[in-house]
Structure formats: structure tokens, C-alpha cells
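To be precise, the following lines are final-v2.cif, and they hold mmCIF, C-alpha atoms.
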data_work
loop_
_atom_site.label_atom_id
_atom_site.label_comp_id
_atom_site.auth_asym_id
_atom_site.auth_seq_id
_atom_site.Cartn_x
_atom_site.Cartn_y
_atom_site.Cartn_z
CA MET R 1 2.28 41.53 13.38
CA ILE R 2 1.15 37.93 13.70
CA SER R 3 4.02 36.42 15.67
CA PHE R 4 1.80 34.99 18.36
CA ARG R 5 -1.61 35.41 16.77
CA SER R 6 -2.27 31.72 16.22
CA ILE R 7 -0.96 30.77 19.66
CA ILE R 8 -3.00 33.41 21.46
CA ILE R 9 -6.22 32.45 19.72
CA LEU R 10 -5.68 28.76 20.34
CA SER R 11 -4.92 29.43 24.00
CA LEU R 12 -8.13 31.39 24.39
CA LEU R 13 -10.22 28.73 22.68
CA PHE R 14 -8.66 25.59 24.13
CA CYS R 15 -7.79 26.74 27.64
CA PHE R 16 -10.78 28.95 28.41
CA SER R 17 -13.64 26.54 28.97
CA CYS R 18 -17.02 26.47 30.63
CA GLY R 19 -17.09 26.49 34.44
CA CYS R 20 -20.84 26.63 34.85
CA GLY R 21 -22.16 23.28 35.97
CA LYS R 22 -25.79 22.50 36.74
CA GLU R 23 -25.00 21.60 40.32
CA GLU R 24 -24.23 24.38 42.75
CA PHE R 25 -21.29 22.38 44.09
CA LEU R 26 -19.55 22.26 40.70
CA ALA R 27 -20.14 25.95 40.04
CA THR R 28 -18.37 26.71 43.31
CA HIS R 29 -15.81 23.94 43.03
CA TRP R 30 -14.54 25.20 39.67
CA LYS R 31 -14.47 28.89 40.52
CA ASP R 32 -11.80 30.64 38.48
CA PRO R 33 -9.27 30.89 39.93
CA ILE R 34 -9.64 28.37 42.73
CA PRO R 35 -9.25 30.54 45.85
CA PRO R 36 -6.07 30.25 47.97
CA GLN R 37 -6.22 27.37 50.43
CA GLY R 38 -5.28 29.54 53.41
CA ASN R 39 -3.39 28.36 56.46
CA PRO R 40 -3.70 24.65 57.28
CA PRO R 41 -5.61 23.70 60.45
CA LEU R 42 -3.29 23.94 63.44
CA HIS R 43 -3.78 20.31 64.44
CA PHE R 44 -2.70 18.99 61.03
CA SER R 45 0.65 17.24 60.94
CA ASN R 46 3.30 18.51 58.53
CA LEU R 47 2.38 15.78 56.02
CA GLU R 48 -1.37 16.42 56.32
CA SER R 49 -0.77 20.11 55.60
CA LYS R 50 1.16 19.56 52.37
CA LEU R 51 -0.77 19.72 49.07
CA ASP R 52 1.97 18.87 46.58
CA ALA R 53 1.45 15.58 44.73
CA ASP R 54 4.53 13.92 46.24
CA SER R 55 3.08 14.39 49.73
CA CYS R 56 -0.33 13.07 48.69
CA GLY R 57 1.41 10.08 47.13
CA THR R 58 2.86 9.07 50.49
CA CYS R 59 -0.49 7.49 51.37
CA HIS R 60 -2.31 7.44 48.03
CA ARG R 61 0.47 5.60 46.25
CA ASN R 62 -1.52 3.92 43.47
CA GLN R 63 -3.28 7.14 42.48
CA PHE R 64 0.02 9.03 42.54
CA GLN R 65 1.82 6.52 40.33
CA LYS R 66 -0.99 6.60 37.74
CA TRP R 67 -1.22 10.40 37.82
CA GLU R 68 2.55 10.77 37.48
CA LYS R 69 2.44 9.13 34.02
CA SER R 70 -0.72 10.89 32.89
CA LEU R 71 -1.20 13.97 30.71
CA HIS R 72 -2.81 15.68 33.70
CA SER R 73 0.64 15.78 35.29
CA GLN R 74 2.03 17.43 32.14
CA THR R 75 -0.31 20.39 31.66
CA ILE R 76 2.59 22.72 32.41
CA ALA R 77 5.09 21.42 29.86
CA ALA R 78 7.07 22.70 26.89
CA GLY R 79 3.99 23.00 24.65
CA LEU R 80 2.57 25.68 26.96
CA LEU R 81 5.73 27.11 28.53
CA TRP R 82 7.26 28.34 25.28
CA GLN R 83 4.13 30.40 24.61
CA LEU R 84 4.02 32.22 27.95
CA PRO R 85 6.64 34.94 27.23
CA GLY R 86 4.63 36.04 24.20
CA LEU R 87 1.19 35.67 25.80
CA GLY R 88 1.65 37.79 28.91
CA LYS R 89 -0.24 37.47 32.19
CA GLU R 90 -3.79 38.26 31.06
CA LYS R 91 -3.83 35.79 28.17
CA GLY R 92 -1.73 33.32 30.15
CA ASP R 93 -4.43 33.25 32.81
CA THR R 94 -6.94 32.00 30.24
CA CYS R 95 -4.68 28.96 29.74
CA PHE R 96 -4.16 28.50 33.47
CA ARG R 97 -7.91 28.25 33.95
CA CYS R 98 -7.56 24.58 32.98
CA HIS R 99 -3.81 23.98 32.94
CA SER R 100 -3.18 25.40 36.44
CA PRO R 101 -6.46 26.39 38.17
CA LEU R 102 -5.08 26.90 41.69
CA THR R 103 -4.32 30.48 42.69
CA GLU R 104 -1.04 29.39 44.25
CA THR R 105 0.39 27.50 41.27
CA ARG R 106 -0.64 30.08 38.69
CA ARG R 107 0.97 32.83 40.78
CA TYR R 108 4.18 30.82 41.04
CA LEU R 109 4.10 30.57 37.25
CA ALA R 110 3.54 34.32 36.97
CA VAL R 111 6.57 34.94 39.18
CA ASN R 112 8.64 32.55 37.03
CA GLU R 113 7.69 34.59 33.95
CA GLY R 114 8.43 37.91 35.64
CA TRP R 115 4.81 39.07 35.38
CA ILE R 116 4.65 39.76 39.11
CA SER R 117 7.38 40.04 41.71
CA ASP R 118 6.47 37.72 44.56
CA PHE R 119 3.90 35.57 46.37
CA PRO R 120 2.80 35.10 49.99
CA LYS R 121 5.59 33.14 51.65
CA GLU R 122 3.12 31.22 53.84
CA TRP R 123 1.95 29.35 50.72
CA GLU R 124 5.18 27.40 50.74
CA THR R 125 4.24 25.83 54.08
CA TYR R 126 1.58 23.75 52.32
CA MET R 127 2.31 24.05 48.58
CA PRO R 128 6.06 24.35 48.01
CA LYS R 129 7.30 26.40 45.08
CA GLY R 130 8.02 23.96 42.26
CA THR R 131 4.56 22.40 42.56
CA GLU R 132 3.51 24.62 39.65
CA LYS R 133 5.70 22.58 37.30
CA HIS R 134 3.78 19.37 37.97
CA GLY R 135 0.58 20.22 36.11
CA LEU R 136 -2.77 19.37 37.61
CA VAL R 137 -1.79 18.20 41.08
CA CYS R 138 -4.24 16.36 43.34
CA ALA R 139 -5.45 19.55 45.03
CA ASN R 140 -6.89 20.91 41.78
CA CYS R 141 -9.74 18.39 42.01
CA HIS R 142 -9.73 17.20 45.60
CA VAL R 143 -8.92 20.11 47.97
CA ARG R 144 -10.66 23.38 48.78
CA ASN R 145 -9.68 25.44 51.85
CA HIS R 146 -7.72 22.37 53.05
CA ASN R 147 -10.90 20.29 53.05
CA ARG R 148 -10.68 17.10 51.01
CA TYR R 149 -13.41 16.03 48.57
CA GLY R 150 -13.93 12.80 46.68
CA PRO R 151 -16.37 10.19 45.37
CA PRO R 152 -18.36 7.85 47.62
CA PRO R 153 -16.17 5.16 49.21
CA ARG R 154 -16.45 1.69 47.73
CA THR R 155 -15.00 -0.16 50.69
CA GLY R 156 -17.55 0.70 53.37
CA ASP R 157 -14.92 2.49 55.46
CA VAL R 158 -16.23 4.94 58.03
CA ILE R 159 -15.11 8.54 57.51
CA SER R 160 -14.65 10.65 60.64
CA GLU R 161 -12.74 13.64 61.94
CA LYS R 162 -10.23 11.18 63.38
CA SER R 163 -9.29 10.08 59.88
CA PRO R 164 -6.17 11.65 58.32
CA HIS R 165 -6.77 15.31 57.38
CA ASN R 166 -10.24 15.04 58.97
CA GLY R 167 -11.34 12.54 56.33
CA PHE R 168 -13.06 13.90 53.24
CA THR R 169 -16.40 15.22 52.05
CA VAL R 170 -18.27 12.76 49.82
CA LYS R 171 -19.56 14.20 46.56
CA GLY R 172 -21.26 12.11 43.90
CA GLU R 173 -20.35 14.72 41.28
CA PHE R 174 -16.88 13.17 41.14
CA GLU R 175 -18.46 10.27 39.25
CA SER R 176 -20.42 12.49 36.87
CA SER R 177 -19.38 13.62 33.40
CA LEU R 178 -20.32 17.12 34.50
CA PHE R 179 -17.21 17.11 36.65
CA CYS R 180 -15.09 16.95 33.47
CA LYS R 181 -17.07 19.54 31.51
CA ASN R 182 -15.24 22.51 33.01
CA CYS R 183 -12.10 21.80 30.99
CA HIS R 184 -13.45 19.69 28.12
CA GLU R 185 -16.21 21.91 26.71
CA SER R 186 -15.88 25.39 25.24
CA PRO R 187 -18.28 27.98 26.66
CA ASN R 188 -21.51 28.60 24.81
CA SER R 189 -20.13 32.02 23.95
CA GLY R 190 -16.98 30.47 22.46
CA LYS R 191 -15.90 31.18 18.91
CA MET R 192 -17.76 29.22 16.24
CA ILE R 193 -15.99 27.78 13.20
CA ASN R 194 -18.28 26.24 10.62
CA GLY R 195 -21.08 26.22 13.18
CA LYS R 196 -19.08 24.39 15.89
CA ARG R 197 -17.13 25.42 18.96
CA MET R 198 -13.59 24.18 19.28
CA MET R 199 -14.39 21.81 22.14
CA GLU R 200 -17.77 20.09 22.36
CA THR R 201 -16.76 16.78 23.90
CA PHE R 202 -19.26 16.93 26.76
CA SER R 203 -22.13 17.82 24.40
CA GLU R 204 -21.14 15.01 22.02
CA TRP R 205 -21.24 12.56 24.93
CA GLU R 206 -24.49 14.05 26.28
CA ASN R 207 -26.23 13.36 22.97
CA SER R 208 -24.88 9.83 22.61
CA LYS R 209 -26.15 6.39 23.55
CA PHE R 210 -23.44 6.28 26.21
CA ALA R 211 -25.07 9.09 28.17
CA GLU R 212 -28.47 7.44 27.76
CA SER R 213 -27.15 4.19 29.23
CA GLY R 214 -25.33 5.90 32.09
CA VAL R 215 -21.76 5.44 30.83
CA SER R 216 -19.80 8.46 32.06
CA CYS R 217 -16.40 9.89 31.10
CA GLN R 218 -14.97 8.25 34.22
CA ASN R 219 -16.17 4.78 33.18
CA CYS R 220 -13.84 4.81 30.18
CA HIS R 221 -11.09 7.23 31.15
CA MET R 222 -10.86 6.32 34.85
CA PRO R 223 -11.79 2.63 35.03
CA ASN R 224 -11.52 1.35 38.60
CA ARG R 225 -10.91 5.00 39.50
CA ASP R 226 -7.44 4.82 37.95
CA HIS R 227 -5.85 8.25 37.71
CA ASP R 228 -4.22 7.93 34.29
CA TRP R 229 -7.00 9.35 32.05
CA LYS R 230 -5.91 7.51 28.91
CA GLY R 231 -7.11 8.75 25.55
CA ILE R 232 -5.90 9.34 21.99
CA HIS R 233 -2.25 9.14 23.09
CA ASP R 234 -2.67 5.55 24.27
CA LYS R 235 -2.59 2.88 21.56
CA GLU R 236 -4.42 0.21 23.57
CA MET R 237 -7.17 2.63 24.54
CA VAL R 238 -7.80 3.59 20.91
CA GLU R 239 -7.63 -0.03 19.71
CA ASN R 240 -10.33 -0.96 22.19
CA GLY R 241 -12.54 1.86 20.97
CA LEU R 242 -12.55 0.87 17.30
CA GLU R 243 -13.51 -2.04 15.10
CA VAL R 244 -11.32 -2.32 11.98
CA ASN R 245 -11.90 -4.53 8.94
CA LEU R 246 -10.36 -5.07 5.51
CA ASN R 247 -12.08 -6.99 2.69
CA ILE R 248 -10.72 -7.91 -0.76
CA THR R 249 -13.18 -8.81 -3.52
CA GLU R 250 -13.04 -9.39 -7.28
CA LYS R 251 -15.36 -7.93 -9.88
CA ASP R 252 -14.86 -8.31 -13.60
CA ASN R 253 -11.18 -7.52 -14.15
CA LEU R 254 -10.78 -5.55 -10.94
CA ILE R 255 -9.57 -6.19 -7.43
CA ILE R 256 -11.53 -4.08 -4.96
CA ALA R 257 -10.22 -3.31 -1.45
CA LYS R 258 -12.52 -1.91 1.25
CA GLY R 259 -11.35 -0.88 4.70
CA THR R 260 -13.69 0.20 7.49
CA LEU R 261 -13.18 1.79 10.89
CA THR R 262 -16.17 1.80 13.21
CA SER R 263 -16.39 3.79 16.44
CA LYS R 264 -17.69 1.08 18.77
CA ASN R 265 -16.74 2.09 22.30
CA ILE R 266 -16.07 5.83 22.08
CA GLY R 267 -18.60 8.14 23.69
CA HIS R 268 -17.79 11.28 21.71
CA LYS R 269 -16.49 12.18 18.27
CA PHE R 270 -13.32 10.40 17.24
CA PRO R 271 -10.79 11.89 17.33
CA SER R 272 -11.80 14.57 19.80
CA TYR R 273 -11.18 18.31 19.21
CA ALA R 274 -9.28 19.64 16.19
CA VAL R 275 -5.80 18.64 17.37
CA PRO R 276 -5.42 14.87 16.66
CA LYS R 277 -5.56 13.29 13.23
CA VAL R 278 -5.91 9.67 12.12
CA TYR R 279 -4.46 8.66 8.75
CA VAL R 280 -5.96 5.68 6.92
CA ARG R 281 -4.44 4.22 3.77
CA LEU R 282 -4.69 1.22 1.46
CA VAL R 283 -1.30 -0.04 0.28
CA LEU R 284 -0.40 -2.61 -2.38
CA ASP R 285 2.70 -4.59 -1.45
CA SER R 286 4.13 -6.90 -4.12
CA GLY R 287 6.38 -8.57 -1.56
CA LEU R 288 9.38 -7.89 -3.80
CA LYS R 289 12.33 -6.00 -2.34
CA SER R 290 12.87 -4.38 -5.71
CA LYS R 291 9.45 -2.71 -5.64
CA GLU R 292 8.28 -0.10 -3.17
CA PRO R 293 4.74 -0.54 -1.81
CA ILE R 294 2.17 1.58 -3.67
CA VAL R 295 -0.32 3.75 -1.79
CA LEU R 296 -3.65 3.13 -3.49
CA ARG R 297 -5.63 5.62 -1.42
CA GLU R 298 -5.16 7.71 1.73
CA GLU R 299 -7.74 9.52 3.84
CA THR R 300 -7.69 11.60 7.02
CA ILE R 301 -10.10 11.27 9.93
CA GLY R 302 -10.24 14.43 11.96
CA ARG R 303 -11.24 18.06 12.07
CA PHE R 304 -8.80 20.20 10.10
CA VAL R 305 -8.66 23.83 11.23
CA ASP R 306 -5.97 26.28 10.10
CA ILE R 307 -3.33 27.38 12.61
CA PHE R 308 -4.93 30.82 12.91
CA ILE R 309 -8.18 29.21 14.12
CA GLU R 310 -10.26 30.90 11.46
CA ASN R 311 -11.35 28.29 8.90
CA GLU R 312 -12.23 24.61 8.82
CA SER R 313 -11.19 22.67 5.73
CA PHE R 314 -13.00 19.44 6.62
CA ASP R 315 -14.42 17.44 9.52
CA THR R 316 -14.46 13.69 8.98
CA ARG R 317 -14.57 12.66 12.65
CA LEU R 318 -16.71 9.70 13.59
CA SER R 319 -19.70 10.07 15.88
CA PRO R 320 -20.36 7.18 18.30
CA GLY R 321 -21.35 4.13 16.25
CA GLU R 322 -20.41 5.69 12.91
CA SER R 323 -18.16 3.97 10.34
CA PHE R 324 -15.51 5.31 7.98
CA LEU R 325 -15.00 3.64 4.59
CA ILE R 326 -11.89 3.76 2.44
CA GLU R 327 -12.01 2.01 -0.94
CA ALA R 328 -9.68 1.43 -3.88
CA SER R 329 -9.72 -0.71 -7.01
CA LEU R 330 -7.12 -1.69 -9.59
CA PRO R 331 -6.92 -3.99 -12.61
CA LYS R 332 -5.88 -7.57 -11.96
CA SER R 333 -3.24 -7.20 -14.64
CA GLN R 334 -1.33 -4.74 -12.44
CA ILE R 335 -0.98 -7.18 -9.53
CA SER R 336 2.02 -9.49 -9.17
CA PRO R 337 1.68 -13.01 -7.75
CA GLY R 338 2.07 -13.07 -3.96
CA SER R 339 0.90 -9.48 -3.50
CA THR R 340 -0.96 -8.25 -0.42
CA ILE R 341 -3.14 -5.25 0.23
CA LYS R 342 -2.68 -3.58 3.61
CA LEU R 343 -4.90 -1.29 5.61
CA GLU R 344 -2.61 1.01 7.62
CA VAL R 345 -3.90 3.30 10.36
CA ASP R 346 -1.60 5.91 11.91
CA VAL R 347 -2.40 8.33 14.73
CA SER R 348 -0.92 11.80 15.25
CA PRO R 349 -2.24 12.96 18.66
CA GLY R 350 -0.71 16.44 18.29
CA GLU R 351 -1.05 17.09 14.53
CA MET R 352 -2.45 20.61 14.83
CA TYR R 353 0.18 21.60 17.38
CA ILE R 354 2.90 20.22 15.09
CA ARG R 355 1.69 22.49 12.28
CA MET R 356 1.44 25.45 14.62
CA PHE R 357 4.76 24.94 16.38
CA GLN R 358 6.56 24.26 13.09
CA HIS R 359 5.20 27.52 11.64
CA ASN R 360 6.45 29.48 14.64
CA TRP R 361 9.82 27.71 14.59
CA GLU R 362 10.37 28.50 10.92
CA ASN R 363 9.46 32.15 11.54
CA LYS R 364 11.00 32.63 14.99
CA GLU R 365 13.13 35.60 13.92
CA ALA R 366 10.32 37.33 12.04
CA PHE R 367 7.96 36.72 14.97
CA ALA R 368 10.58 37.94 17.47
CA ILE R 369 10.09 34.89 19.68
CA SER R 370 12.12 35.49 22.81
CA PRO R 371 15.50 33.75 23.25
CA LYS R 372 14.09 32.14 26.39
CA ALA R 373 11.22 30.57 24.43
CA VAL R 374 13.15 29.33 21.37
CA PRO R 375 14.71 26.17 22.89
CA ILE R 376 11.45 25.36 24.66
CA LEU R 377 9.58 25.67 21.36
CA LYS R 378 12.04 23.27 19.74
CA GLN R 379 11.53 20.81 22.60
CA ALA R 380 7.73 21.13 22.30
CA LEU R 381 7.86 20.42 18.56
CA ILE R 382 10.01 17.31 19.06
CA GLU R 383 7.76 16.05 21.85
CA LYS R 384 4.62 16.40 19.72
CA ARG R 385 6.20 14.62 16.77
CA ASN R 386 7.33 11.76 18.99
CA LEU R 387 3.73 11.05 19.97
CA ASP R 388 2.84 9.66 16.51
CA TYR R 389 2.27 5.90 16.31
CA ARG R 390 1.01 3.09 14.09
CA LEU R 391 -2.37 1.91 15.37
CA PHE R 392 -3.21 -0.98 13.03
CA THR R 393 -1.86 -2.84 10.02
CA LEU R 394 -4.26 -5.38 8.49
CA SER R 395 -3.06 -7.48 5.54
CA ARG R 396 -5.02 -9.56 3.06
CA GLU R 397 -3.55 -11.68 0.27
CA VAL R 398 -4.62 -10.82 -3.24
CA PRO R 399 -5.75 -13.91 -5.21
CA ASP R 400 -2.99 -15.03 -7.56
CA PRO R 401 -3.90 -13.84 -11.10
CA LEU R 402 -2.28 -16.96 -12.59
CA GLN R 403 -4.78 -19.16 -10.76
CA ARG R 404 -7.84 -17.35 -11.99
#
Same coordinates, now as C-alpha cells:
Amino acid sequence: MISFRSIIILSLLFCFSCGCGKEEFLATHWKDPIPPQGNPPLHFSNLESKLDADSCGTCHRNQFQKWEKSLHSQTIAAGLLWQLPGLGKEKGDTCFRCHSPLTETRRYLAVNEGWISDFPKEWETYMPKGTEKHGLVCANCHVRNHNRYGPPPRTGDVISEKSPHNGFTVKGEFESSLFCKNCHESPNSGKMINGKRMMETFSEWENSKFAESGVSCQNCHMPNRDHDWKGIHDKEMVENGLEVNLNITEKDNLIIAKGTLTSKNIGHKFPSYAVPKVYVRLVLDSGLKSKEPIVLREETIGRFVDIFIENESFDTRLSPGESFLIEASLPKSQISPGSTIKLEVDVSPGEMYIRMFQHNWENKEAFAISPKAVPILKQALIEKRNLDYRLFTLSREVPDPLQR
């Protein structure tokens, strides 16, 4: 029976990631699961005691508004929720390691799924039930045992026990790429496919010129300490990371088109992981409504792994500084006056999930996917498809053959 085989394997590989940092603080900070916060200090006000994101946003408004639109706020969404009935508690916990690290929120989720019956009622005094639906809330990174932690202040403000919630403990690790490694790097013991683990983003950065020059994950994904963590899903972010060119030349009786994509400002392989794909094509457009554009050549940039997470078909991702070339040629006699050649670049941030979810949707009866999960699976598939976007279209006129 393979009804949930692909989903279970992917969950284990993608959600179970390395929690062993070099610094003692990070090893403790990312303990799995993050221990319960316990009762709030008695002198805390009602607002100071609350650890749901809405309460934090009362004072930290800018951070809240950025987080609210980020993928970190969506780690408990349809793409994960439809899988939970088939995964069960033990395998679900491997996903929660990164998607919901707090003991409180993962137990709320377990209750929602019927895996366990209840939870300590005192938790609701500081983390109301419903918080589990909001993904990685502020407390996942910033609160342990009701003590707040964060990066060094940039304003020169004095931190004291008289500050709200007793101020916070300053930790430089919040500005280190090691802080991100826990959820963006598979463990060394992780499954290898074609000699690579499923997630090696931290290692890719560590071996790049960006690490050598002191450019951290936060410099690109949290500029000005913004809490939106933009990446492959954000068109502007990807545009700024690449240099794209299209050149048209003539040789003998041929027109030759060359398109290049260069990874200029990306500190790891592009695109990251095996999930996203980037489609690059050269298209001949005659400009005539009566003629459909002709695709001269199409290539895929990405790591293509089957939905059962067993085999890799190809890996054409770009390392930092590397270029991708797509080339096509055709006889001049086949080109109409006024024609253009276009370089089109499309991005599918969730390509692998689309394949996986589509396979499960088409086989939902055979796989005995629960009635509860079926509509959520459909929602997840639609959401992933709706993420696709056109990144670039570059056009170059083809010299008029009548003028040659």
C-alpha cells in the first residue's frame, strides 16, 4: 500500500532537520520539542503574559505585519494539514519539528487530529488555543520559559527589568546563519539521493563567497530585520538575485539566439531544495495573429526528484556565480519580417508538491485518503498551482531577411 508513502518520506526528509548548532545556546534554543513555557511571572500584565502573535503585534507592529504576510506564518496550512490524518502522531511530530516547534502548539494540533484527548488548560492563559493555526509565531524564535531573546539593539536603548516583560536577553546568534540551519539543513544522517541530502542550503551558503565575505541569511532574507523572509515565491526578490541576457547573432544562413541566467546575488543553489523549478525557453514570435509563437528550445533549472523521494533525474541548479545557457538556431529562410525572439523565464515555487498532490488527488480512492483530508488536499493543490509566475520576458528583434 503506497497511499501515503511519498508524503511520509517527504515529511521525514523536509521537516526533520538538524538541530545541532556549534554554539551551546543554539543547541539548547532549538531543543525538540521546545519545552512548555510554564506559568508566566506573577508580576506580568495580561498582555505581557500572552505569547500569541496578535498580542506581540500590539507593540511590535511592524514585525507583526511583515510576519503576517510571510510563509513563516503559513507553516500550518493546507499543504501540511491534509497529510496529518494519514501520517499519525509520530510521523506528524517530525514535521512539527520545524513547522510547529513549540510543545503547546504541536499538542493543540494533536488534539485537533484526535491523536490525544486534551492539553493542560493553564496553557491557554498565555497561548490561546487557535495559536497553532498561525504557523511559526513569534515565540518559536524569541521566547523560552517566558524569557525574551533577540539580536543586539541598534538604537542604543537601555534594557532593564523595568522594560516590558523584563526586557530581553541579547544573543548575537540571531544575526548568524547558524540560527537558520535548524530548519534549512537536513541532518548529516539524512537520506542521500545521488550523493546529496534533500536540504543543504546552509552548507551551500557556508561554502560560498557570501559566507567568506560575512553575508548571512539574514542580510538577504531579513534586510533591516524585516520579518517577511522573502525567497523563491517573491518575484522582486528573485529578479534581484539574477542577471538575465538575450543575444541574437547571425552566422552563415542561421540566426542564433543565446539566453543566459547568472546567479549574481544568491548565496546558495538556485532554486533551493528539490521543490521549486524554473522554466527557461526561447520563443520565435512572427508578430502575426495568424501564427502561434514557436518554442525553439525549453530547459528546466532545478533538482528533479520523483514523488517517492527515491531517484534524481537531473540537477541543473545554479551555484552562486554560475550561469545557465540556453541556445537555439534556425535558418534565416524560416523567419518572417518583423519577427522577434523572446527569452521567457517562468517560476513554479511548488512544482514538486504539485506533482505529489496531483498524484494523491487522482488516486484518493485507491489510497483511502480520509474524507476529512480530501477537500484540504484539493485546496493545497490549487494554492500551489496559484504560486506560479512569469519572472522575465526579454525580446530582441530578428534582422529583417529582406534587408540582408
Residues near R:Thr131, anyone? I mean within 7 Å using only C-alpha atoms, not counting same-chain ones fewer than 4 positions away, as a list in words.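 Once the nearby chain positions are removed, what remains is Asp52, Thr105 and Met127 of chain R.
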Residues picked by the PyMOL selection byres ((chain R and resi 293-309) around 6) here, as a list in words?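 That selection, the PyMOL selection byres ((chain R and resi 293-309) around 6), comes back as Ser6, Pro271, Ala274, Lys277, Val278, Tyr279, Val280, Arg281, Leu282, Val283, Leu284, Asp285, Glu292, Glu310, Asn311, Glu312, Ser313, Phe314, Asp315, Thr316, Arg317 and Met356 of chain R.
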Could you spell out the hits of the PyMOL selection byres ((chain R and resi 133-142) around 6) on the shown file, as a list in words?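 In the shown coordinates, the PyMOL selection byres ((chain R and resi 133-142) around 6) covers Ala53, His72, Ser73, Gln74, Thr75, Ile76, Gly130, Thr131, Glu132, Val143, Arg148 and Tyr149 of chain R.
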Out of R:Ile376, R:Ala328, R:Ile369, R:Leu246, which residue has the shortest atom-to-atom distance to R:Val345 when counting all atoms listed in the file? R:Leu246
Calculated over only C-alpha atoms, which of the candidates R:Ser117, R:Thr340, R:Gly214, R:Glu185 has the smallest distance to R:Leu394? R:Thr340
Report, in Å with one decimal, the straight-line distance from atom CA of R:Leu42 to atom CA of R:Phe25.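 Distance reported for this atom pair: 26.5 Å.
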Quick one, how far is atom CA of R:Ala78 from atom CA of R:Ala380? 4.9 Å
Got a sec to resolve the PyMOL selection byres ((chain R and resi 67) around 9) on this structure and send the residues as a list in words?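 This file, filtered by the PyMOL selection byres ((chain R and resi 67) around 9), leaves Asn62, Gln63, Phe64, Gln65, Lys66, Glu68, Lys69, Ser70, Leu71, His72, Ser73, Val137, Cys138, Asp226, His227, Asp228 and Trp229 of chain R.
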Counting all atoms listed in the file, what is within 12 Å of R:Asn207, bar same-chain residues fewer than 5 positions away, as a list in words?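 Counting only the stated atoms, we get Glu200, Thr201, Phe202, Glu212, Ser213, Gly214, Gly267, His268, Lys269, Ser319 and Pro320 of chain R.
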If we count only C-alpha atoms, what is near R:Ser348 at a cut-off of 8 Å, once residues fewer than 6 positions away on the same chain are taken out, given as a list in words?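 The neighbour list is Pro276, Lys277, Val278, Arg385, Leu387, Asp388 and Tyr389 of chain R.
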Check the smallest atom-to-atom distance from each of R:Lys289, R:Arg61, R:Lys171, R:Arg106 to R:Asp32 using all atoms listed in the file, then report the winner.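 Among the listed residues, R:Arg106 lies closest to R:Asp32.
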Which residue out of R:Glu206, R:Asp252, R:Asp54, R:Glu365 has the minimum interatomic distance to R:Leu330 when all atoms listed in the file are used? R:Asp252
Quick one: pull the distance between atom CA of R:Val238 and atom CA of R:Leu391, Å, one decimal. 7.9 Å
Serialized stretch 80-95 of chain R w/ N, CA and C atoms as a PDB file, in the first residue's frame:
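Writing done, so here's selection39.pdb:
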ATOM      1  N   LEU R  80       0.189  21.022   4.532  1.00  0.00           N
ATOM      2  CA  LEU R  80       0.559  20.096   5.614  1.00  0.00           C
ATOM      3  C   LEU R  80      -0.672  19.447   6.225  1.00  0.00           C
ATOM      4  N   LEU R  81      -1.738  20.227   6.430  1.00  0.00           N
ATOM      5  CA  LEU R  81      -2.904  19.738   7.169  1.00  0.00           C
ATOM      6  C   LEU R  81      -3.565  18.535   6.518  1.00  0.00           C
ATOM      7  N   TRP R  82      -3.595  18.495   5.173  1.00  0.00           N
ATOM      8  CA  TRP R  82      -4.272  17.366   4.541  1.00  0.00           C
ATOM      9  C   TRP R  82      -3.515  16.060   4.777  1.00  0.00           C
ATOM     10  N   GLN R  83      -2.216  16.160   5.040  1.00  0.00           N
ATOM     11  CA  GLN R  83      -1.399  14.969   5.233  1.00  0.00           C
ATOM     12  C   GLN R  83      -1.545  14.360   6.627  1.00  0.00           C
ATOM     13  N   LEU R  84      -1.901  15.184   7.613  1.00  0.00           N
ATOM     14  CA  LEU R  84      -1.849  14.748   9.007  1.00  0.00           C
ATOM     15  C   LEU R  84      -2.710  13.520   9.307  1.00  0.00           C
ATOM     16  N   PRO R  85      -3.954  13.408   8.798  1.00  0.00           N
ATOM     17  CA  PRO R  85      -4.728  12.207   9.108  1.00  0.00           C
ATOM     18  C   PRO R  85      -4.039  10.922   8.680  1.00  0.00           C
ATOM     19  N   GLY R  86      -3.301  10.957   7.598  1.00  0.00           N
ATOM     20  CA  GLY R  86      -2.606   9.760   7.127  1.00  0.00           C
ATOM     21  C   GLY R  86      -1.252   9.546   7.776  1.00  0.00           C
ATOM     22  N   LEU R  87      -0.652  10.613   8.304  1.00  0.00           N
ATOM     23  CA  LEU R  87       0.681  10.493   8.902  1.00  0.00           C
ATOM     24  C   LEU R  87       0.639   9.914  10.301  1.00  0.00           C
ATOM     25  N   GLY R  88      -0.322  10.373  11.115  1.00  0.00           N
ATOM     26  CA  GLY R  88      -0.347   9.953  12.511  1.00  0.00           C
ATOM     27  C   GLY R  88       0.606  10.784  13.352  1.00  0.00           C
ATOM     28  N   LYS R  89       0.520  10.612  14.683  1.00  0.00           N
ATOM     29  CA  LYS R  89       1.252  11.483  15.599  1.00  0.00           C
ATOM     30  C   LYS R  89       2.762  11.376  15.470  1.00  0.00           C
ATOM     31  N   GLU R  90       3.300  10.166  15.418  1.00  0.00           N
ATOM     32  CA  GLU R  90       4.759  10.003  15.405  1.00  0.00           C
ATOM     33  C   GLU R  90       5.383  10.660  14.181  1.00  0.00           C
ATOM     34  N   LYS R  91       4.844  10.382  13.007  1.00  0.00           N
ATOM     35  CA  LYS R  91       5.397  10.989  11.789  1.00  0.00           C
ATOM     36  C   LYS R  91       5.028  12.462  11.705  1.00  0.00           C
ATOM     37  N   GLY R  92       3.848  12.825  12.221  1.00  0.00           N
ATOM     38  CA  GLY R  92       3.472  14.228  12.251  1.00  0.00           C
ATOM     39  C   GLY R  92       4.436  15.056  13.075  1.00  0.00           C
ATOM     40  N   ASP R  93       4.940  14.475  14.153  1.00  0.00           N
ATOM     41  CA  ASP R  93       5.896  15.204  15.002  1.00  0.00           C
ATOM     42  C   ASP R  93       7.183  15.530  14.256  1.00  0.00           C
ATOM     43  N   THR R  94       7.574  14.707  13.292  1.00  0.00           N
ATOM     44  CA  THR R  94       8.782  15.029  12.526  1.00  0.00           C
ATOM     45  C   THR R  94       8.561  16.282  11.686  1.00  0.00           C
ATOM     46  N   CYS R  95       7.327  16.495  11.228  1.00  0.00           N
ATOM     47  CA  CYS R  95       7.004  17.737  10.503  1.00  0.00           C
ATOM     48  C   CYS R  95       6.964  18.917  11.464  1.00  0.00           C
TER      49      CYS R  95
END
